[in-house]
Amino acid sequence: MAGEITSTYNSLIDEQGEMRIAVNDMNLLEKLTPALLSQSKALIQNAGVFIVDCNLTEDALEWLFCHAENIPIFVDTVSTFKANKIRHWLSHIHTLKPNRLEAEILSGIKIMTLADAVDVAACNCSHDLCCLDSPDQWLYWWFR
């Protein structure tokens, strides 16, 4: 995308590691349309893995999920607001990187303890809502 500005993200983190404020410019990703992705379909379908985040538009994510075939897809939900973009695609995701709040939104279950997280991860995996090898993959991200 010649002449476009790269997406940027900056945040301020407090002493406890909590984000206090963030600003971003993700306008470039609005231009990453299914039509544009289709122009690189052969290249994309020869990828070894897709690593994407929910800053992509819902249309771009849908195109990737529909054309991934057997390519593993790793997804970073990036925010509670954007996590819902992938709710209907969880069965297509190999590895998901939500934080606790994003995992609660996707699962609909409040996670207060490690046991809650184990229950949510086990439930999601047993209902084929995710394609993770084990609940431990979810726990790593929720309680890092």
# chains A, B, ... in the order shown; residues from 1 in each chain; ligands from 1
>>> residues_around(residues="region 82-89 of chain A", least_positions_apart="3", cutoff="10 Å", atoms="only C-alpha atoms", output="compact mmCIF listing (two decimals) with all heavy atoms, in the first residue's frame")
# COMPACT_ATOMS: atom_id res chain seq x y z
N ASP A 53 -4.57 -9.97 14.40
CA ASP A 53 -5.21 -9.43 15.59
C ASP A 53 -6.54 -8.80 15.21
O ASP A 53 -6.86 -8.65 14.02
CB ASP A 53 -4.30 -8.47 16.37
CG ASP A 53 -4.00 -7.18 15.66
OD1 ASP A 53 -4.89 -6.62 14.98
OD2 ASP A 53 -2.87 -6.68 15.80
N CYS A 54 -7.29 -8.45 16.21
CA CYS A 54 -8.64 -7.93 15.99
C CYS A 54 -8.67 -6.46 15.61
O CYS A 54 -9.74 -5.86 15.56
CB CYS A 54 -9.50 -8.20 17.21
SG CYS A 54 -9.85 -9.96 17.42
N ASN A 55 -7.52 -5.88 15.28
CA ASN A 55 -7.51 -4.56 14.67
C ASN A 55 -7.96 -4.66 13.21
O ASN A 55 -8.38 -3.66 12.63
CB ASN A 55 -6.12 -3.93 14.74
CG ASN A 55 -5.83 -3.40 16.12
OD1 ASN A 55 -6.62 -2.67 16.70
ND2 ASN A 55 -4.69 -3.78 16.66
N LEU A 56 -7.86 -5.85 12.62
CA LEU A 56 -8.36 -6.03 11.25
C LEU A 56 -9.87 -5.84 11.24
O LEU A 56 -10.54 -6.06 12.25
CB LEU A 56 -8.02 -7.44 10.74
CG LEU A 56 -6.55 -7.75 10.52
CD1 LEU A 56 -6.37 -9.22 10.16
CD2 LEU A 56 -5.96 -6.86 9.45
N THR A 57 -10.40 -5.47 10.09
CA THR A 57 -11.86 -5.32 9.99
C THR A 57 -12.52 -6.69 10.06
O THR A 57 -11.88 -7.72 9.80
CB THR A 57 -12.25 -4.66 8.66
OG1 THR A 57 -11.90 -5.54 7.59
CG2 THR A 57 -11.59 -3.29 8.49
N GLU A 58 -13.78 -6.71 10.41
CA GLU A 58 -14.52 -7.98 10.44
C GLU A 58 -14.51 -8.64 9.07
O GLU A 58 -14.41 -9.87 8.97
CB GLU A 58 -15.95 -7.75 10.94
CG GLU A 58 -15.97 -7.43 12.42
CD GLU A 58 -17.36 -7.30 12.97
OE1 GLU A 58 -18.17 -8.23 12.78
OE2 GLU A 58 -17.64 -6.27 13.62
N ASP A 59 -14.61 -7.86 8.00
CA ASP A 59 -14.58 -8.42 6.65
C ASP A 59 -13.24 -9.06 6.33
O ASP A 59 -13.19 -10.14 5.74
CB ASP A 59 -14.89 -7.34 5.60
CG ASP A 59 -16.34 -6.88 5.64
OD1 ASP A 59 -17.19 -7.62 6.18
OD2 ASP A 59 -16.62 -5.79 5.13
N LEU A 61 -11.04 -10.25 8.54
CA LEU A 61 -10.94 -11.45 9.37
C LEU A 61 -11.76 -12.59 8.77
O LEU A 61 -11.29 -13.72 8.68
CB LEU A 61 -11.40 -11.16 10.80
CG LEU A 61 -10.44 -10.32 11.64
CD1 LEU A 61 -11.14 -9.79 12.90
CD2 LEU A 61 -9.20 -11.11 12.01
N GLU A 62 -12.98 -12.29 8.36
CA GLU A 62 -13.82 -13.32 7.75
C GLU A 62 -13.15 -13.92 6.52
O GLU A 62 -13.14 -15.14 6.33
CB GLU A 62 -15.19 -12.74 7.37
CG GLU A 62 -16.09 -13.75 6.68
CD GLU A 62 -17.44 -13.20 6.31
OE1 GLU A 62 -17.72 -12.00 6.54
OE2 GLU A 62 -18.24 -13.97 5.76
N PHE A 65 -10.36 -16.25 7.69
CA PHE A 65 -10.88 -17.50 8.26
C PHE A 65 -11.46 -18.41 7.17
O PHE A 65 -11.30 -19.63 7.24
CB PHE A 65 -11.93 -17.22 9.34
CG PHE A 65 -11.38 -16.62 10.60
CD1 PHE A 65 -11.90 -15.45 11.12
CD2 PHE A 65 -10.33 -17.23 11.27
CE1 PHE A 65 -11.39 -14.90 12.29
CE2 PHE A 65 -9.81 -16.69 12.44
CZ PHE A 65 -10.35 -15.52 12.95
N CYS A 66 -12.10 -17.84 6.19
CA CYS A 66 -12.72 -18.63 5.12
C CYS A 66 -11.71 -19.17 4.12
O CYS A 66 -12.00 -20.15 3.43
CB CYS A 66 -13.78 -17.80 4.40
SG CYS A 66 -15.24 -17.47 5.40
N VAL A 75 -4.50 -15.69 16.98
CA VAL A 75 -5.20 -14.41 17.09
C VAL A 75 -4.94 -13.74 18.44
O VAL A 75 -5.06 -14.37 19.48
CB VAL A 75 -6.73 -14.59 16.91
CG1 VAL A 75 -7.46 -13.26 17.06
CG2 VAL A 75 -7.05 -15.23 15.56
N ASP A 76 -4.60 -12.46 18.38
CA ASP A 76 -4.52 -11.60 19.56
C ASP A 76 -5.78 -10.74 19.53
O ASP A 76 -6.02 -10.01 18.57
CB ASP A 76 -3.27 -10.73 19.48
CG ASP A 76 -3.09 -9.84 20.71
OD1 ASP A 76 -4.06 -9.65 21.48
OD2 ASP A 76 -1.98 -9.33 20.88
N THR A 77 -6.59 -10.82 20.57
CA THR A 77 -7.86 -10.09 20.59
C THR A 77 -7.68 -8.58 20.75
O THR A 77 -8.56 -7.83 20.40
CB THR A 77 -8.76 -10.64 21.71
OG1 THR A 77 -8.01 -10.74 22.91
CG2 THR A 77 -9.31 -11.99 21.35
N VAL A 78 -6.59 -8.12 21.27
CA VAL A 78 -6.13 -6.73 21.46
C VAL A 78 -6.96 -5.86 22.39
O VAL A 78 -6.41 -4.95 22.99
CB VAL A 78 -5.86 -5.96 20.13
CG1 VAL A 78 -4.86 -6.68 19.28
CG2 VAL A 78 -7.12 -5.62 19.37
N SER A 79 -8.25 -6.08 22.50
CA SER A 79 -9.06 -5.25 23.40
C SER A 79 -10.41 -5.90 23.65
O SER A 79 -10.86 -6.74 22.87
CB SER A 79 -9.29 -3.84 22.83
OG SER A 79 -10.24 -3.87 21.79
N HIS A 92 -12.17 -21.81 14.27
CA HIS A 92 -11.15 -21.72 13.22
C HIS A 92 -9.78 -21.31 13.77
O HIS A 92 -8.80 -21.29 13.04
CB HIS A 92 -11.57 -20.68 12.18
CG HIS A 92 -12.76 -21.08 11.37
ND1 HIS A 92 -14.03 -21.08 11.87
CD2 HIS A 92 -12.84 -21.51 10.09
CE1 HIS A 92 -14.86 -21.49 10.93
NE2 HIS A 92 -14.17 -21.76 9.85
N ILE A 93 -9.73 -20.97 15.05
CA ILE A 93 -8.51 -20.41 15.63
C ILE A 93 -7.68 -21.50 16.30
O ILE A 93 -8.18 -22.24 17.15
CB ILE A 93 -8.87 -19.29 16.63
CG1 ILE A 93 -9.57 -18.14 15.88
CG2 ILE A 93 -7.62 -18.79 17.36
CD1 ILE A 93 -10.17 -17.10 16.78
N PRO A 98 -6.20 -14.03 24.47
CA PRO A 98 -6.99 -13.01 25.17
C PRO A 98 -6.41 -12.76 26.55
O PRO A 98 -5.76 -13.63 27.13
CB PRO A 98 -8.36 -13.67 25.31
CG PRO A 98 -8.03 -15.12 25.47
CD PRO A 98 -6.80 -15.36 24.61
N LEU A 101 -10.11 -10.22 30.78
CA LEU A 101 -11.35 -9.54 30.42
C LEU A 101 -11.83 -9.95 29.03
O LEU A 101 -13.04 -10.14 28.81
CB LEU A 101 -11.16 -8.02 30.50
CG LEU A 101 -10.91 -7.46 31.90
CD1 LEU A 101 -10.61 -5.97 31.81
CD2 LEU A 101 -12.08 -7.74 32.82
N GLU A 102 -10.92 -10.08 28.09
CA GLU A 102 -11.30 -10.50 26.73
C GLU A 102 -11.82 -11.93 26.74
O GLU A 102 -12.79 -12.25 26.05
CB GLU A 102 -10.09 -10.36 25.81
CG GLU A 102 -9.66 -8.92 25.63
CD GLU A 102 -8.21 -8.75 25.21
OE1 GLU A 102 -7.47 -9.75 25.06
OE2 GLU A 102 -7.79 -7.58 25.05
N ALA A 103 -11.21 -12.80 27.55
CA ALA A 103 -11.67 -14.19 27.67
C ALA A 103 -13.07 -14.24 28.28
O ALA A 103 -13.90 -15.06 27.88
CB ALA A 103 -10.69 -15.00 28.50
N ILE A 105 -15.37 -11.96 27.97
CA ILE A 105 -16.30 -11.51 26.93
C ILE A 105 -16.58 -12.63 25.94
O ILE A 105 -17.72 -12.88 25.56
CB ILE A 105 -15.76 -10.25 26.22
CG1 ILE A 105 -15.92 -9.06 27.16
CG2 ILE A 105 -16.45 -10.01 24.89
CD1 ILE A 105 -15.24 -7.81 26.71
N LEU A 106 -15.53 -13.33 25.53
CA LEU A 106 -15.71 -14.41 24.56
C LEU A 106 -16.44 -15.61 25.13
O LEU A 106 -17.20 -16.27 24.44
CB LEU A 106 -14.36 -14.83 23.98
CG LEU A 106 -13.70 -13.81 23.07
CD1 LEU A 106 -12.28 -14.23 22.73
CD2 LEU A 106 -14.53 -13.61 21.81
N SER A 107 -16.22 -15.89 26.42
CA SER A 107 -16.84 -17.07 27.03
C SER A 107 -18.18 -16.77 27.68
O SER A 107 -18.99 -17.67 27.87
CB SER A 107 -15.91 -17.66 28.09
OG SER A 107 -15.80 -16.79 29.21
N LEU A 129 -15.28 -24.79 20.67
CA LEU A 129 -15.31 -23.35 20.42
C LEU A 129 -13.91 -22.80 20.19
O LEU A 129 -13.74 -21.65 19.87
CB LEU A 129 -15.97 -22.62 21.58
CG LEU A 129 -17.44 -22.90 21.76
CD1 LEU A 129 -17.96 -22.18 23.00
CD2 LEU A 129 -18.23 -22.49 20.54
N CYS A 130 -12.93 -23.65 20.40
CA CYS A 130 -11.56 -23.27 20.11
C CYS A 130 -10.81 -24.52 19.68
O CYS A 130 -11.26 -25.63 19.93
CB CYS A 130 -10.88 -22.63 21.32
SG CYS A 130 -10.70 -23.76 22.71
>>> select_by_dssp(residues="chain A", states="helix (DSSP H, G or I)", output="MDAnalysis selection string")
chainID A and resid 27:31 34:39 41:44 58:67 80:92 100:107 114:126 135:142
>>> residues_around(residues="region 38-49 of chain A", least_positions_apart="5", cutoff="9 Å", atoms="only C-alpha atoms", output="VMD selection string")
chain A and resid 33 63 to 64 67 to 69 71 to 74
>>> residues_around(residues="Asp25 (chain A)", least_positions_apart="5", cutoff="7 Å", atoms="only C-alpha atoms", output="PDB file with all heavy atoms, in the first residue's frame")
ATOM      1  N   SER A   7       0.461   1.566  10.692  1.00  0.00           N
ATOM      2  CA  SER A   7      -0.339   1.633  11.913  1.00  0.00           C
ATOM      3  C   SER A   7       0.582   1.803  13.114  1.00  0.00           C
ATOM      4  O   SER A   7       1.686   1.267  13.142  1.00  0.00           O
ATOM      5  CB  SER A   7      -1.152   0.354  12.085  1.00  0.00           C
ATOM      6  OG  SER A   7      -2.086   0.230  11.052  1.00  0.00           O
ATOM      7  N   THR A   8       0.097   2.545  14.112  1.00  0.00           N
ATOM      8  CA  THR A   8       0.888   2.765  15.322  1.00  0.00           C
ATOM      9  C   THR A   8       0.014   2.612  16.556  1.00  0.00           C
ATOM     10  O   THR A   8      -1.204   2.802  16.505  1.00  0.00           O
ATOM     11  CB  THR A   8       1.525   4.175  15.350  1.00  0.00           C
ATOM     12  OG1 THR A   8       0.482   5.149  15.270  1.00  0.00           O
ATOM     13  CG2 THR A   8       2.487   4.372  14.210  1.00  0.00           C
ATOM     14  N   TYR A   9       0.668   2.292  17.679  1.00  0.00           N
ATOM     15  CA  TYR A   9      -0.012   2.145  18.959  1.00  0.00           C
ATOM     16  C   TYR A   9       0.966   2.546  20.055  1.00  0.00           C
ATOM     17  O   TYR A   9       2.121   2.097  20.056  1.00  0.00           O
ATOM     18  CB  TYR A   9      -0.446   0.685  19.165  1.00  0.00           C
ATOM     19  CG  TYR A   9      -0.964   0.389  20.552  1.00  0.00           C
ATOM     20  CD1 TYR A   9      -2.296   0.619  20.873  1.00  0.00           C
ATOM     21  CD2 TYR A   9      -0.124  -0.118  21.534  1.00  0.00           C
ATOM     22  CE1 TYR A   9      -2.773   0.362  22.146  1.00  0.00           C
ATOM     23  CE2 TYR A   9      -0.594  -0.383  22.810  1.00  0.00           C
ATOM     24  CZ  TYR A   9      -1.924  -0.147  23.106  1.00  0.00           C
ATOM     25  OH  TYR A   9      -2.395  -0.401  24.364  1.00  0.00           O
TER      26      TYR A   9
END
>>> closest_residue(among="A:Leu37, A:Asp116, A:Thr95, A:Thr6", to="Asn24 (chain A)", atoms="only C-alpha atoms")
A:Thr6
>>> atom_distance(atom1="CA of Thr80 (chain A)", atom2="CA of Ala35 (chain A)")
27.6 Å
>>> atom_distance(atom1="CA of Val52 (chain A)", atom2="CA of Glu15 (chain A)")
29.0 Å
>>> select_by_dssp(residues="chain A", states="strand (DSSP E or B)", output="count of residues only")
24
>>> residues_around(residues="Glu4 (chain A)", least_positions_apart="6", cutoff="10 Å", atoms="only C-alpha atoms", output="ChimeraX atom specification")
/A:27-28,31
>>> write_last_selection(atoms="all heavy atoms", output="PDB file, in the first residue's frame")
ATOM      1  N   ASN A  27      -5.856   3.277  10.854  1.00  0.00           N
ATOM      2  CA  ASN A  27      -6.606   3.575   9.639  1.00  0.00           C
ATOM      3  C   ASN A  27      -6.157   2.753   8.441  1.00  0.00           C
ATOM      4  O   ASN A  27      -6.967   2.392   7.587  1.00  0.00           O
ATOM      5  CB  ASN A  27      -6.526   5.067   9.309  1.00  0.00           C
ATOM      6  CG  ASN A  27      -7.281   5.902  10.312  1.00  0.00           C
ATOM      7  OD1 ASN A  27      -8.253   5.452  10.912  1.00  0.00           O
ATOM      8  ND2 ASN A  27      -6.825   7.114  10.533  1.00  0.00           N
ATOM      9  N   LEU A  28      -4.886   2.429   8.368  1.00  0.00           N
ATOM     10  CA  LEU A  28      -4.377   1.634   7.262  1.00  0.00           C
ATOM     11  C   LEU A  28      -5.113   0.299   7.149  1.00  0.00           C
ATOM     12  O   LEU A  28      -5.381  -0.178   6.040  1.00  0.00           O
ATOM     13  CB  LEU A  28      -2.873   1.379   7.446  1.00  0.00           C
ATOM     14  CG  LEU A  28      -2.205   0.463   6.430  1.00  0.00           C
ATOM     15  CD1 LEU A  28      -2.207   1.109   5.050  1.00  0.00           C
ATOM     16  CD2 LEU A  28      -0.794   0.142   6.863  1.00  0.00           C
ATOM     17  N   LYS A  31      -8.093  -0.327   4.913  1.00  0.00           N
ATOM     18  CA  LYS A  31      -7.842  -0.498   3.481  1.00  0.00           C
ATOM     19  C   LYS A  31      -7.445  -1.935   3.131  1.00  0.00           C
ATOM     20  O   LYS A  31      -7.309  -2.271   1.965  1.00  0.00           O
ATOM     21  CB  LYS A  31      -6.769   0.481   3.024  1.00  0.00           C
ATOM     22  CG  LYS A  31      -7.232   1.918   3.195  1.00  0.00           C
ATOM     23  CD  LYS A  31      -6.197   2.916   2.804  1.00  0.00           C
ATOM     24  CE  LYS A  31      -6.777   4.319   3.047  1.00  0.00           C
ATOM     25  NZ  LYS A  31      -5.855   5.355   2.685  1.00  0.00           N
TER      26      LYS A  31
END
>>> atom_distance(atom1="CA of Met26 (chain A)", atom2="CA of Ile5 (chain A)")
9.3 Å
